[in-house]
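What follows is a single structure, written as structure tokens, with notes after it.
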Amino acid sequence: MNPDNISEVASVDEAASKLYKNDVWKARDYLTGYSLKSARKTFDEWKVLSEYLLVKYMDGNIKKEKDGKFERTPEGYPVMPMQPGYPDDWKKTVIQDTGDKLLVPKGGGH
């Protein structure tokens with residue numbers, strides 16, 4: 001949690017306490033509204049992050065970045081991504097999890 005959120009929570013708690021002394025239902029509505037707003041903000045931030053990660057690491061490639069943006073050629077096309085391949089541990093796990101399902105038949109079998 002960043003420091004701004006911590007100080008925000010303290011002020012929300014203080015406001016809710018004042019409301020609670022006068023009207024429990026207003027305090028409840030205030031805290032519910034704050035909770036919903038916070039949940040929406042968190043969801044929106046996670047959505048942006050998931051979209052970024054999907055684009056950055058799609059299909060095992062890693063898109064290059066410079067100054068916080070994906071690099072492009074002078075013509076505007078994406079720069080060739082890094083293609084590091086998958087680690088051997090990951091490949092072994094896939095083999096163990098799928099069994100013979102992904103085996104390629106030997107000899108011209110159909």
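All residue names refer to the structure tokens as shown: chains lettered A, B, ... in order, residues numbered from 1 in each chain, ligands numbered from 1 in order.
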Exercise for review: Among the residues of chain A, find those DSSP assigns to helix (DSSP H, G or I) from the backbone and print them as a ChimeraX atom specification.
Suggested key: /A:3-22,24-56,58-60,88-102
Practice item. Mind listing the strand (DSSP E or B) residues of chain A, per DSSP on the backbone, as a ChimeraX atom specification? Key: /A:62,65-66,69-70,72,78,82
Review point. Which residues, written as a list in words, have at least one atom at most 10 Å from range 32-41 of chain A, with only C-alpha atoms counted and residues fewer than 5 positions away on the same chain left out?
Key: Asn5, Val9, Val12, Lys26, Ala27, Trp46 and Lys47 of chain A
Dump as a PDB file, in the first residue's frame, selection limited to C-alpha atoms:
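Once everything was written out, this is selection.pdb:
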ATOM      1  CA  ASN A   5      -3.492   5.370   0.658  1.00  0.00           C
ATOM      2  CA  VAL A   9      -7.557   5.551   5.187  1.00  0.00           C
ATOM      3  CA  VAL A  12     -11.747   8.110   6.029  1.00  0.00           C
ATOM      4  CA  LYS A  26     -24.720   7.420   7.313  1.00  0.00           C
ATOM      5  CA  ALA A  27     -21.399   6.038   8.532  1.00  0.00           C
ATOM      6  CA  TRP A  46      -5.083  -4.636 -12.053  1.00  0.00           C
ATOM      7  CA  LYS A  47      -6.818  -4.603 -15.438  1.00  0.00           C
TER       8      LYS A  47
END
Practice item. Quick one: everything within 12 Å of range 69-81 of chain A, counting only C-alpha atoms, minus sequence neighbours fewer than 2 positions away in the same chain. Send it as a list in words. Key: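 Skipping anything fewer than 2 positions along the chain leaves Tyr52, Leu53, Val55, Lys56, Tyr57, Met58, Asp59, Gly60, Asn61, Ile62, Lys63, Lys64, Glu65, Lys66, Asp67, Gln83, Pro84 and Gly85 of chain A.
Residues in contact with Leu19 in chain A at 10 Å, where only C-alpha atoms are counted and same-chain residues fewer than 5 positions away are skipped, are listed as Asp13, Glu14, Val24, Trp25, Lys26, Ala27, Arg28, Asp29 and Tyr30 of chain A.
Interatomic distance, CA of Leu31 in chain A against CA of Ala16 in chain A: 6.8 Å.
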